[in-house]
$ cat input.csv   # CSV, C-alpha atoms
chain,number,residue,atom,x,y,z
W,276,MET,CA,3.2,-29.3,-19.3
W,277,THR,CA,2.3,-25.8,-20.5
W,278,VAL,CA,-0.2,-25.7,-23.3
W,279,ASP,CA,0.2,-22.9,-25.8
W,280,ILE,CA,-3.4,-21.7,-26.3
W,281,SER,CA,-4.7,-18.4,-27.6
W,282,PHE,CA,-7.7,-17.9,-25.4
W,283,THR,CA,-9.1,-15.3,-27.8
W,284,ALA,CA,-9.0,-17.9,-30.5
W,285,PHE,CA,-10.6,-20.4,-28.2
W,286,LEU,CA,-13.5,-18.1,-27.3
W,287,ASP,CA,-13.9,-17.2,-31.0
W,288,ALA,CA,-14.3,-20.8,-31.8
W,289,THR,CA,-16.6,-21.9,-29.0
W,290,PRO,CA,-20.3,-22.2,-29.9
W,291,SER,CA,-21.4,-20.8,-26.6
W,292,PRO,CA,-21.9,-17.0,-26.4
W,293,HIS,CA,-19.2,-15.2,-24.4
W,294,LEU,CA,-18.4,-11.6,-23.7
W,295,VAL,CA,-15.7,-10.1,-21.5
W,296,LEU,CA,-16.4,-7.0,-19.2
W,297,ASP,CA,-13.9,-4.9,-17.4
W,298,ALA,CA,-14.3,-3.8,-13.7
W,299,ASP,CA,-16.5,-0.9,-14.9
W,300,LEU,CA,-18.8,-3.3,-16.7
W,301,VAL,CA,-17.7,-2.0,-20.1
W,302,ILE,CA,-17.7,-4.6,-22.9
W,303,ARG,CA,-14.1,-5.4,-24.1
W,304,TYR,CA,-14.7,-8.6,-26.1
W,305,VAL,CA,-17.5,-10.5,-27.7
W,306,ASN,CA,-17.3,-13.7,-29.6
W,307,ALA,CA,-19.1,-14.6,-32.8
W,308,ALA,CA,-21.6,-16.8,-31.1
W,309,TYR,CA,-22.7,-13.9,-28.9
W,310,LEU,CA,-23.1,-11.6,-31.9
W,311,GLN,CA,-25.2,-14.2,-33.6
W,312,VAL,CA,-27.5,-14.9,-30.7
W,313,THR,CA,-28.1,-11.2,-29.9
W,314,GLY,CA,-28.2,-10.0,-33.5
W,315,ARG,CA,-25.8,-7.2,-32.7
W,316,ALA,CA,-22.7,-5.9,-34.5
W,317,GLU,CA,-19.3,-5.9,-32.7
W,318,ALA,CA,-19.0,-2.2,-33.2
W,319,ASP,CA,-22.3,-1.6,-31.3
W,320,LEU,CA,-21.0,-3.5,-28.2
W,321,ILE,CA,-17.2,-3.1,-27.8
W,322,GLY,CA,-16.3,-0.1,-25.6
W,323,SER,CA,-19.9,0.4,-24.4
W,324,TYR,CA,-21.3,0.1,-20.9
W,325,LEU,CA,-23.2,-3.2,-20.8
W,326,PHE,CA,-26.5,-1.8,-19.8
W,327,ASP,CA,-26.3,1.0,-22.4
W,328,ALA,CA,-25.5,-1.4,-25.2
W,329,LEU,CA,-28.2,-3.9,-24.0
W,330,PRO,CA,-30.7,-2.1,-21.9
W,331,GLY,CA,-33.3,-4.0,-20.0
W,332,ASN,CA,-37.0,-3.9,-20.9
W,333,PRO,CA,-38.9,-1.7,-18.4
W,334,GLY,CA,-42.1,-3.3,-19.6
W,335,ALA,CA,-41.2,-6.9,-18.9
W,336,PRO,CA,-43.4,-8.8,-16.4
W,337,ASP,CA,-40.3,-9.5,-14.3
W,338,GLY,CA,-39.0,-5.9,-14.0
W,339,GLY,CA,-36.1,-6.9,-11.8
W,340,ALA,CA,-34.1,-8.7,-14.6
W,341,GLU,CA,-31.7,-5.8,-15.1
W,342,ARG,CA,-31.4,-5.4,-11.3
W,343,ASP,CA,-30.6,-9.1,-10.9
W,344,LEU,CA,-28.0,-9.0,-13.6
W,345,LYS,CA,-26.3,-6.0,-12.1
W,346,GLU,CA,-26.3,-7.5,-8.6
W,347,SER,CA,-24.8,-10.7,-10.0
W,348,LEU,CA,-22.0,-8.8,-11.7
W,349,HIS,CA,-21.3,-6.7,-8.6
W,350,ARG,CA,-21.2,-9.8,-6.4
W,351,VAL,CA,-18.4,-11.1,-8.7
W,352,LEU,CA,-16.5,-7.8,-8.4
W,353,ASP,CA,-16.9,-7.7,-4.6
W,354,THR,CA,-16.2,-11.3,-3.8
W,355,GLY,CA,-14.0,-12.6,-6.6
W,356,GLN,CA,-16.2,-15.6,-6.8
W,357,PRO,CA,-18.2,-16.9,-9.9
W,358,ASP,CA,-22.0,-16.3,-9.9
W,359,THR,CA,-24.8,-17.9,-11.8
W,360,LEU,CA,-28.3,-16.8,-12.9
W,361,VAL,CA,-30.1,-20.1,-13.6
W,362,LEU,CA,-33.1,-18.8,-15.6
W,363,GLN,CA,-33.5,-15.1,-16.3
W,364,ARG,CA,-35.8,-13.2,-18.6
W,365,TYR,CA,-33.9,-10.4,-20.1
W,366,ASP,CA,-35.5,-9.0,-23.3
W,367,LEU,CA,-33.4,-7.5,-26.1
W,368,PRO,CA,-34.3,-4.4,-28.2
W,369,ALA,CA,-36.0,-5.7,-31.3
W,370,SER,CA,-34.0,-5.0,-34.5
W,371,ASP,CA,-37.2,-4.4,-36.5
W,372,ARG,CA,-38.9,-2.2,-33.9
W,373,PRO,CA,-36.8,0.8,-32.7
W,374,ASP,CA,-38.8,1.2,-29.5
W,375,GLY,CA,-39.7,-2.4,-28.9
W,376,PHE,CA,-38.2,-5.5,-27.2
W,377,GLU,CA,-38.4,-9.2,-28.0
W,378,GLU,CA,-38.8,-11.7,-25.2
W,379,ARG,CA,-35.6,-13.6,-24.4
W,380,TRP,CA,-34.6,-16.1,-21.7
W,381,TRP,CA,-31.0,-16.7,-20.6
W,382,SER,CA,-28.9,-18.8,-18.3
W,383,ASP,CA,-25.8,-16.8,-17.3
W,384,VAL,CA,-22.5,-17.7,-15.7
W,385,HIS,CA,-20.2,-14.9,-14.6
W,386,THR,CA,-16.6,-15.9,-13.9
W,387,PRO,CA,-14.0,-13.4,-12.5
W,388,ILE,CA,-10.4,-13.1,-13.7
W,389,SER,CA,-8.0,-11.4,-11.2
W,390,GLY,CA,-5.4,-8.9,-11.9
W,391,PRO,CA,-1.9,-8.8,-10.3
W,392,ASP,CA,-3.3,-7.1,-7.2
W,393,GLY,CA,-5.7,-10.0,-6.5
W,394,ARG,CA,-8.8,-7.9,-7.3
W,395,THR,CA,-11.2,-8.8,-10.1
W,396,LYS,CA,-10.0,-7.2,-13.3
W,397,TRP,CA,-12.3,-8.9,-15.9
W,398,ILE,CA,-15.6,-10.8,-15.9
W,399,VAL,CA,-16.3,-13.4,-18.4
W,400,GLN,CA,-20.0,-13.8,-19.1
W,401,ARG,CA,-21.3,-17.0,-20.7
W,402,SER,CA,-24.9,-16.6,-21.8
W,403,GLU,CA,-27.0,-19.5,-23.0
W,404,ASP,CA,-30.1,-18.4,-24.8
W,405,VAL,CA,-32.9,-20.8,-23.6
W,406,THR,CA,-35.8,-18.9,-25.1
W,407,ALA,CA,-36.8,-21.7,-27.5
W,408,PHE,CA,-36.8,-24.1,-24.6
W,409,VAL,CA,-39.0,-21.9,-22.4
W,410,HIS,CA,-41.4,-21.3,-25.3
W,411,SER,CA,-41.6,-24.9,-26.4
W,412,GLY,CA,-41.7,-26.6,-23.0
W,413,PRO,CA,-39.1,-29.0,-21.7
W,414,ALA,CA,-39.7,-31.7,-24.4
W,415,ARG,CA,-40.0,-30.9,-28.1
W,416,ARG,CA,-42.0,-34.0,-28.7
W,417,LEU,CA,-45.0,-32.5,-27.1
W,418,THR,CA,-47.8,-32.4,-29.7
W,419,GLU,CA,-49.9,-29.3,-30.5
W,420,GLU,CA,-52.7,-30.9,-28.3
W,421,LEU,CA,-50.4,-30.6,-25.3
W,422,THR,CA,-49.4,-27.0,-26.0
W,423,GLU,CA,-51.0,-25.7,-22.8
W,424,GLN,CA,-49.4,-28.4,-20.7
W,425,GLY,CA,-46.1,-27.5,-22.3
W,426,LYS,CA,-46.5,-23.9,-21.3
W,427,GLY,CA,-47.5,-25.0,-17.9
W,428,LEU,CA,-44.3,-27.0,-17.5
W,429,ALA,CA,-42.2,-24.1,-18.7
W,430,ALA,CA,-44.0,-21.8,-16.3
W,431,GLU,CA,-43.3,-24.3,-13.4
W,432,LEU,CA,-39.7,-24.5,-14.5
W,433,TYR,CA,-39.4,-20.7,-14.4
W,434,VAL,CA,-41.1,-20.6,-10.9
W,435,ARG,CA,-38.7,-23.2,-9.6
W,436,ALA,CA,-35.7,-21.4,-11.0
W,437,ARG,CA,-36.8,-18.1,-9.4
W,438,GLN,CA,-37.3,-20.0,-6.1
W,439,LEU,CA,-33.7,-21.2,-6.4
W,440,HIS,CA,-32.5,-17.7,-7.2
W,441,ARG,CA,-34.3,-16.4,-4.0
W,442,LEU,CA,-32.8,-19.2,-2.0
W,443,ASN,CA,-29.3,-18.4,-3.3
W,444,GLN,CA,-29.9,-14.7,-2.3
W,445,GLU,CA,-30.9,-15.8,1.2
W,446,LEU,CA,-27.7,-17.8,1.5
W,447,ARG,CA,-25.7,-14.8,0.3
W,448,ASN,CA,-27.4,-12.6,2.9
W,449,ALA,CA,-26.6,-15.2,5.6
W,450,HIS,CA,-23.0,-15.2,4.4
W,451,ALA,CA,-22.9,-11.4,4.6
W,452,ARG,CA,-24.2,-11.5,8.2
W,453,GLU,CA,-21.5,-14.1,9.0
W,454,ARG,CA,-18.9,-11.8,7.6
W,455,GLN,CA,-20.2,-8.9,9.6
W,456,ILE,CA,-20.0,-11.0,12.8
W,457,GLY,CA,-16.4,-11.7,11.8
W,458,VAL,CA,-15.7,-7.9,11.4
W,459,THR,CA,-17.1,-7.2,14.8
W,460,LEU,CA,-15.1,-10.0,16.4
W,461,GLN,CA,-11.9,-8.8,14.7
W,462,GLU,CA,-12.5,-5.2,15.8
W,463,ALA,CA,-13.0,-6.3,19.4
W,464,MET,CA,-9.8,-8.4,19.3
W,465,LEU,CA,-7.8,-5.5,17.9
W,466,GLN,CA,-9.1,-2.9,20.3
W,467,ALA,CA,-6.2,-0.7,21.6
W,468,PRO,CA,-7.4,1.7,24.2
W,469,ASP,CA,-4.1,3.6,24.3
W,470,LEU,CA,-4.4,4.5,20.6
W,471,SER,CA,-6.9,7.2,21.3
W,472,ARG,CA,-4.2,9.1,23.3
W,473,HIS,CA,-2.2,9.5,20.0
W,474,SER,CA,-5.0,11.0,17.9
W,475,GLY,CA,-3.6,12.5,14.7
W,476,ALA,CA,-0.1,11.1,15.3
W,477,MET,CA,-1.0,7.4,14.6
W,478,ALA,CA,-3.1,5.6,12.0
W,479,VAL,CA,-3.9,1.9,12.0
W,480,ARG,CA,-5.4,-0.2,9.2
W,481,TYR,CA,-6.6,-3.8,9.1
W,482,LEU,CA,-7.6,-5.5,5.8
W,483,PRO,CA,-8.7,-9.1,5.8
W,484,ALA,CA,-7.6,-11.5,3.0
W,485,THR,CA,-10.0,-11.3,0.1
W,486,ARG,CA,-11.1,-14.9,0.5
W,487,SER,CA,-11.5,-14.9,4.3
W,488,LEU,CA,-14.5,-14.1,6.5
W,489,HIS,CA,-12.8,-10.9,7.8
W,490,VAL,CA,-11.3,-13.0,10.6
W,491,CYS,CA,-7.5,-13.5,10.3
W,492,GLY,CA,-4.3,-13.8,12.2
W,493,ASP,CA,-2.6,-10.3,11.6
W,494,TRP,CA,-2.7,-7.9,14.5
W,495,TYR,CA,-1.3,-4.6,15.9
W,496,ASP,CA,-1.1,-3.2,19.4
W,497,ILE,CA,-0.2,0.1,21.1
W,498,VAL,CA,0.7,0.3,24.8
W,499,ASP,CA,1.5,3.5,26.7
W,500,LEU,CA,4.3,3.2,29.3
W,501,PRO,CA,4.2,6.5,31.2
W,502,PRO,CA,5.7,9.0,31.6
W,503,ASP,CA,7.5,9.3,28.2
W,504,ARG,CA,7.5,5.9,26.4
W,505,TYR,CA,5.1,3.8,24.4
W,506,ALA,CA,5.4,0.4,22.8
W,507,VAL,CA,4.1,-0.7,19.4
W,508,ALA,CA,3.8,-4.2,18.0
W,509,VAL,CA,2.7,-5.9,14.8
W,510,GLY,CA,2.3,-9.6,14.4
W,511,ASP,CA,1.2,-12.3,12.0
W,512,VAL,CA,-0.2,-15.8,12.7
W,513,VAL,CA,-0.1,-18.3,9.8
W,514,GLY,CA,-3.5,-19.1,8.3
W,515,HIS,CA,-6.9,-17.5,8.1
W,516,GLY,CA,-10.3,-17.8,9.8
W,517,LEU,CA,-11.3,-18.4,13.4
W,518,PRO,CA,-8.4,-20.7,14.3
W,519,ALA,CA,-5.8,-18.1,13.3
W,520,ALA,CA,-7.8,-15.3,15.0
W,521,ALA,CA,-7.9,-17.4,18.2
W,522,VAL,CA,-4.1,-17.8,18.2
W,523,MET,CA,-3.7,-14.2,17.3
W,524,GLY,CA,-5.8,-13.1,20.3
W,525,MET,CA,-3.7,-15.2,22.7
W,526,LEU,CA,-0.4,-14.0,21.4
W,527,ARG,CA,-1.4,-10.3,21.3
W,528,SER,CA,-2.7,-10.4,24.8
W,529,ALA,CA,0.4,-12.2,26.1
W,530,LEU,CA,2.8,-9.7,24.4
W,531,SER,CA,0.7,-6.7,25.7
W,532,ALA,CA,1.1,-8.1,29.2
W,533,ALA,CA,4.8,-8.9,28.8
W,534,ILE,CA,5.8,-5.4,27.6
W,535,ARG,CA,4.2,-3.9,30.7
W,536,ALA,CA,6.2,-6.2,33.0
W,537,VAL,CA,9.5,-6.2,31.0
W,538,PRO,CA,9.8,-3.0,28.8
W,539,SER,CA,12.7,-4.4,26.8
W,540,PRO,CA,11.3,-5.5,23.4
W,541,ALA,CA,13.8,-8.4,23.2
W,542,GLN,CA,12.8,-9.7,26.6
W,543,ALA,CA,9.1,-9.3,25.8
W,544,LEU,CA,9.5,-11.4,22.7
W,545,GLU,CA,11.5,-14.0,24.6
W,546,VAL,CA,8.5,-14.3,27.0
W,547,LEU,CA,6.2,-14.5,24.1
W,548,GLY,CA,8.3,-17.2,22.3
W,549,LEU,CA,8.2,-19.4,25.4
W,550,TYR,CA,4.4,-19.0,25.5
W,551,ALA,CA,4.1,-19.6,21.7
W,552,ARG,CA,5.6,-23.0,22.0
W,553,SER,CA,2.7,-24.1,24.1
W,554,VAL,CA,0.0,-22.8,21.8
W,555,ASP,CA,-1.0,-25.0,18.8
W,556,GLY,CA,-0.7,-23.0,15.6
W,557,ALA,CA,1.7,-20.4,17.0
W,558,THR,CA,5.1,-21.9,16.3
W,559,ALA,CA,5.5,-20.1,12.9
W,560,ALA,CA,4.0,-16.8,14.1
W,561,THR,CA,6.0,-13.6,13.6
W,562,ALA,CA,6.1,-10.4,15.5
W,563,VAL,CA,8.1,-7.2,15.8
W,564,LYS,CA,8.1,-5.1,19.0
W,565,LEU,CA,9.3,-1.4,19.3
W,566,LEU,CA,9.8,0.8,22.2
W,567,VAL,CA,9.7,4.6,21.5
W,568,ASP,CA,11.3,6.8,24.1
W,569,THR,CA,10.1,10.3,23.4
W,570,ARG,CA,12.5,11.9,25.8
W,571,SER,CA,15.7,10.5,24.4
W,572,ARG,CA,14.2,10.3,20.9
W,573,LEU,CA,15.3,6.7,20.6
W,574,ILE,CA,13.6,3.6,19.1
W,575,ILE,CA,14.5,0.2,20.5
W,576,TYR,CA,13.3,-2.8,18.7
W,577,SER,CA,13.4,-6.6,18.2
W,578,SER,CA,11.9,-8.8,15.5
W,579,ALA,CA,10.9,-12.4,15.5
W,580,GLY,CA,11.0,-13.3,11.9
W,581,HIS,CA,8.9,-10.3,10.8
W,582,PRO,CA,9.4,-7.9,7.9
W,583,PRO,CA,11.4,-4.9,9.0
W,584,PRO,CA,9.6,-1.6,10.0
W,585,VAL,CA,10.6,1.5,8.1
W,586,LEU,CA,11.7,4.8,9.5
W,587,LEU,CA,11.0,7.6,7.0
W,588,HIS,CA,13.1,10.8,7.4
W,589,HIS,CA,12.3,14.4,6.4
W,590,ASP,CA,14.5,14.2,3.3
W,591,GLY,CA,12.7,11.1,1.9
W,592,THR,CA,15.4,8.6,2.9
W,593,CYS,CA,14.3,5.4,4.5
W,594,GLU,CA,15.9,3.2,7.1
W,595,LEU,CA,14.9,-0.4,7.5
W,596,LEU,CA,14.8,-1.6,11.1
W,597,ASP,CA,16.5,-4.9,10.3
W,598,GLN,CA,19.4,-5.1,12.7
W,599,ALA,CA,17.7,-7.3,15.3
W,600,THR,CA,16.0,-10.0,13.4
W,601,ASP,CA,15.6,-13.6,14.8
W,602,PRO,CA,13.5,-16.7,13.8
W,603,PRO,CA,9.7,-16.8,14.3
W,604,LEU,CA,8.3,-17.0,17.8
W,605,GLY,CA,8.2,-20.8,18.4
W,606,ALA,CA,10.9,-21.8,15.9
W,607,ARG,CA,13.5,-22.7,18.5
W,608,PRO,CA,13.1,-25.8,20.7
W,609,HIS,CA,15.1,-24.1,23.5
W,610,HIS,CA,15.3,-20.7,25.0
W,611,VAL,CA,17.9,-18.4,23.4
W,612,PRO,CA,18.1,-14.6,24.2
W,613,ARG,CA,16.7,-12.5,21.3
W,614,PRO,CA,18.7,-9.6,19.7
W,615,GLN,CA,17.8,-6.0,20.2
W,616,ALA,CA,18.9,-2.8,18.4
W,617,GLY,CA,18.2,0.9,18.6
W,618,LEU,CA,18.4,4.0,16.5
W,619,SER,CA,17.6,7.7,17.0
W,620,TYR,CA,14.9,9.7,15.3
W,621,THR,CA,14.1,13.3,14.6
W,622,PRO,CA,10.7,14.8,15.5
W,623,GLY,CA,8.6,14.7,12.4
W,624,ASP,CA,10.0,11.4,11.1
W,625,THR,CA,7.5,8.7,10.3
W,626,LEU,CA,7.6,5.1,11.5
W,627,VAL,CA,5.7,2.4,9.5
W,628,LEU,CA,5.0,-1.1,10.7
W,629,TYR,CA,3.1,-3.7,8.6
W,630,THR,CA,2.6,-7.4,7.9
W,631,ASP,CA,3.8,-9.2,4.8
W,632,GLY,CA,0.5,-9.0,3.0
W,633,LEU,CA,1.3,-5.3,2.3
W,634,ILE,CA,4.4,-6.0,0.3
W,635,GLU,CA,4.6,-9.7,-0.7
W,636,ARG,CA,3.4,-10.8,-4.1
W,637,ARG,CA,3.3,-14.3,-5.6
W,638,GLU,CA,6.5,-15.4,-7.4
W,639,GLU,CA,8.3,-12.1,-6.4
W,640,ASP,CA,11.2,-11.7,-4.1
W,641,ILE,CA,10.4,-9.9,-0.8
W,642,ASP,CA,13.2,-7.3,-1.6
W,643,VAL,CA,11.1,-6.1,-4.6
W,644,GLY,CA,8.2,-5.5,-2.3
W,645,LEU,CA,10.3,-3.6,0.2
W,646,THR,CA,11.8,-1.4,-2.5
W,647,ARG,CA,8.2,-0.7,-3.7
W,648,LEU,CA,7.2,0.3,-0.2
W,649,THR,CA,10.2,2.6,0.5
W,650,SER,CA,9.8,4.2,-3.0
W,651,VAL,CA,6.2,5.1,-2.2
W,652,LEU,CA,7.1,6.4,1.3
W,653,SER,CA,9.9,8.6,-0.2
W,654,GLN,CA,7.4,10.3,-2.4
W,655,HIS,CA,5.1,11.3,0.4
W,656,THR,CA,7.1,12.6,3.3
W,657,THR,CA,4.7,15.3,4.3
W,658,LEU,CA,1.4,13.4,4.4
W,659,ALA,CA,-0.3,13.0,7.8
W,660,PRO,CA,-0.5,9.4,9.1
W,661,GLU,CA,-4.1,8.9,8.1
W,662,ARG,CA,-3.6,10.1,4.6
W,663,LEU,CA,-0.3,8.3,4.3
W,664,ALA,CA,-1.9,5.0,5.4
W,665,ASP,CA,-4.5,5.3,2.7
W,666,THR,CA,-2.0,6.3,0.1
W,667,LEU,CA,0.2,3.3,0.9
W,668,LEU,CA,-2.8,0.9,0.5
W,669,THR,CA,-3.7,2.6,-2.8
W,670,ARG,CA,-0.3,2.8,-4.3
W,671,LEU,CA,0.6,-0.7,-3.3
W,672,GLY,CA,-2.6,-2.0,-5.0
W,673,VAL,CA,-4.3,-3.5,-1.9
W,674,THR,CA,-7.1,-1.1,-1.2
W,675,GLY,CA,-9.7,-3.7,-2.1
W,676,GLY,CA,-7.9,-6.5,-0.2
W,677,ALA,CA,-5.1,-8.9,-1.1
W,678,PRO,CA,-4.6,-12.7,-1.0
W,679,ASP,CA,-3.1,-12.3,2.5
W,680,ASP,CA,-4.5,-10.2,5.3
W,681,ILE,CA,-2.8,-6.9,6.2
W,682,ALA,CA,-2.1,-4.9,9.4
W,683,LEU,CA,-0.6,-1.5,9.1
W,684,VAL,CA,0.5,1.1,11.6
W,685,VAL,CA,1.8,4.6,10.7
W,686,ILE,CA,3.3,6.9,13.4
W,687,ARG,CA,4.4,10.5,13.2
W,688,LEU,CA,7.2,10.7,15.8

$ encode --input "input.csv" --output "structure tokens"
Amino acid sequence: MTVDISFTAFLDATPSPHLVLDADLVIRYVNAAYLQVTGRAEADLIGSYLFDALPGNPGAPDGGAERDLKESLHRVLDTGQPDTLVLQRYDLPASDRPDGFEERWWSDVHTPISGPDGRTKWIVQRSEDVTAFVHSGPARRLTEELTEQGKGLAAELYVRARQLHRLNQELRNAHARERQIGVTLQEAMLQAPDLSRHSGAMAVRYLPATRSLHVCGDWYDIVDLPPDRYAVAVGDVVGHGLPAAAVMGMLRSALSAAIRAVPSPAQALEVLGLYARSVDGATAATAVKLLVDTRSRLIIYSSAGHPPPVLLHHDGTCELLDQATDPPLGARPHHVPRPQAGLSYTPGDTLVLYTDGLIERREEDIDVGLTRLTSVLSQHTTLAPERLADTLLTRLGVTGGAPDDIALVVIRL
């Protein structure tokens, strides 16, 4: 059942202070509770950069409060995950003292809201003012005789909260190291020595899914077949993380070996399909294999359930290489010859291979994504491969990552 709720009305009514920031940390919404607890007017906040509207107190004992708040907000922007600051001193400018600040304590929760491209578009900040609690101690029934004890308990609570904050930071650092290990592993698995021989004529990109550890199942490969041919492949293993990367590594290596033994793309995919049926997690994998013959100016290709490559001509027209498409690698229980097709090209044409993360969007037909891709290509016929690769990622809204991983190869023929 769909509930018809105005979320602005909901936030206006909630007693907890909330504000909404855009990706530049500019305040776009504040509720009445936030205005009340900060003593600010809406006109002073809306449209202002958060740290201009509410600057940190440089004289506070914990001078890192503004830094910690910025780091928390940028973590949300970078990871797309919520972040919490358990107990934070962040003083506010005093309304009765133009150059002064009043001591304030907060517990903040930062929650991201994604845009259509999967990147964080908004951050909702819920701020609970716990100043009274910190000043009075954890129990209001403390008598005046126990004031010092109450202050001691509040101080201990603050110390424990800061320890928790440091522990969370250490965990985040460990997670960052783990992600870097994943990047190094993926780069090693995607190494294509023959790519260096095509400097300037080829560009490759790999973007992991935004919620992965930079280890996924998409891949590309370039193999030179002297004297005047080379093979290009792009593939996609279902799933993310190390299991998908392990399957990807096996399939990529097997196809790279197969194309050297049997240069026909269809036969190479037949060999790979037989192998995929013996590999757990590979039955739904897709791949497309192309052979480029520079002497005859011919492209021969075969696809195993993969989105079609695009041939971009000088005049901006695009051809989809979709005439030799078959089911994914391990889909058939018995061996069946795979189809193969060919088309000619003109020197200066551009060939684009990619995985579905580049064009697919949730609840959108794949043809819409293909049209979007060819439309962008048609507008940039003269860009060199490196610039065209970056332009595609930008114009298709995936520069910062997407829900699915992406492999992209751009070749100037």

$ closest_residue --input "input.csv" --among "W:Leu645, W:Leu500, W:Ala532, W:Ala551" --to "His610 (chain W)" --atoms "only C-alpha atoms"
W:Ala551

$ residues_around --input "input.csv" --residues "Asp511 (chain W)" --least-positions-apart "4" --cutoff "7 Å" --atoms "all atoms listed in the file" --output "PyMOL selection string"
chain W and resi 492-494+560-562+630

$ atom_distance --input "input.csv" --atom1 "CA of Met477 (chain W)" --atom2 "CA of Arg687 (chain W)"
6.4 Å

$ closest_residue --input "input.csv" --among "W:Thr359, W:Ser474, W:Gln615, W:Thr621" --to "Gln598 (chain W)" --atoms "only C-alpha atoms"
W:Gln615

$ atom_distance --input "input.csv" --atom1 "CA of Leu325 (chain W)" --atom2 "CA of Gly672 (chain W)"
26.0 Å

$ closest_residue --input "input.csv" --among "W:Arg572, W:Arg401, W:Arg504, W:Lys564" --to "Pro540 (chain W)" --atoms "all atoms listed in the file"
W:Lys564

$ atom_distance --input "input.csv" --atom1 "CA of Leu296 (chain W)" --atom2 "CA of Ile398 (chain W)"
5.1 Å

$ residues_near_point --input "input.csv" --point "(-31.8, -11.7, -25.3)" --cutoff "12 Å" --atoms "all atoms listed in the file" --output "PyMOL selection string"
chain W and resi 292+309-315+329-332+340-341+363-370+376-383+402-407

$ residues_around --input "input.csv" --residues "Gly390 (chain W)" --least-positions-apart "4" --cutoff "12 Å" --atoms "only C-alpha atoms" --output "list of chain:residue names"
W:Asp297, W:Ala298, W:Leu352, W:Gly355, W:Arg394, W:Thr395, W:Lys396, W:Trp397, W:Ile398, W:Arg636, W:Gly672, W:Val673, W:Gly675, W:Ala677, W:Pro678

$ closest_residue --input "input.csv" --among "W:Asp287, W:Asp597, W:Asp680, W:Asp499" --to "Tyr576 (chain W)" --atoms "all atoms listed in the file"
W:Asp597

$ residues_near_point --input "input.csv" --point "(9.6, 11.4, 29.1)" --cutoff "12 Å" --atoms "all atoms listed in the file" --output "NGL selection string"
:W and (499-505 or 567-573)

$ write_last_selection --input "input.csv" --atoms "C-alpha atoms" --output "PDB file, keeping the file's coordinate frame"
ATOM      1  CA  ASP W 499       1.500   3.500  26.700  1.00  0.00           C
ATOM      2  CA  LEU W 500       4.300   3.200  29.300  1.00  0.00           C
ATOM      3  CA  PRO W 501       4.200   6.500  31.200  1.00  0.00           C
ATOM      4  CA  PRO W 502       5.700   9.000  31.600  1.00  0.00           C
ATOM      5  CA  ASP W 503       7.500   9.300  28.200  1.00  0.00           C
ATOM      6  CA  ARG W 504       7.500   5.900  26.400  1.00  0.00           C
ATOM      7  CA  TYR W 505       5.100   3.800  24.400  1.00  0.00           C
ATOM      8  CA  VAL W 567       9.700   4.600  21.500  1.00  0.00           C
ATOM      9  CA  ASP W 568      11.300   6.800  24.100  1.00  0.00           C
ATOM     10  CA  THR W 569      10.100  10.300  23.400  1.00  0.00           C
ATOM     11  CA  ARG W 570      12.500  11.900  25.800  1.00  0.00           C
ATOM     12  CA  SER W 571      15.700  10.500  24.400  1.00  0.00           C
ATOM     13  CA  ARG W 572      14.200  10.300  20.900  1.00  0.00           C
ATOM     14  CA  LEU W 573      15.300   6.700  20.600  1.00  0.00           C
TER      15      LEU W 573
END

$ decode --input "input.csv" --residues "region 389-405 of chain W" --atoms "C-alpha atoms" --output "tab-separated table (two decimals), in the first residue's frame"
chain	number	residue	atom	x	y	z
W	389	SER	CA	20.23	9.50	-3.62
W	390	GLY	CA	19.38	11.11	-6.93
W	391	PRO	CA	18.43	9.22	-10.14
W	392	ASP	CA	22.12	8.56	-10.88
W	393	GLY	CA	22.65	6.76	-7.56
W	394	ARG	CA	24.86	9.48	-6.09
W	395	THR	CA	24.01	11.35	-2.90
W	396	LYS	CA	21.93	14.40	-3.82
W	397	TRP	CA	20.71	15.47	-0.36
W	398	ILE	CA	21.78	14.99	3.23
W	399	VAL	CA	19.21	15.11	6.03
W	400	GLN	CA	20.77	16.21	9.31
W	401	ARG	CA	18.92	15.42	12.51
W	402	SER	CA	20.49	17.31	15.42
W	403	GLU	CA	19.52	16.65	19.02
W	404	ASP	CA	20.64	19.42	21.39
W	405	VAL	CA	21.97	17.63	24.51
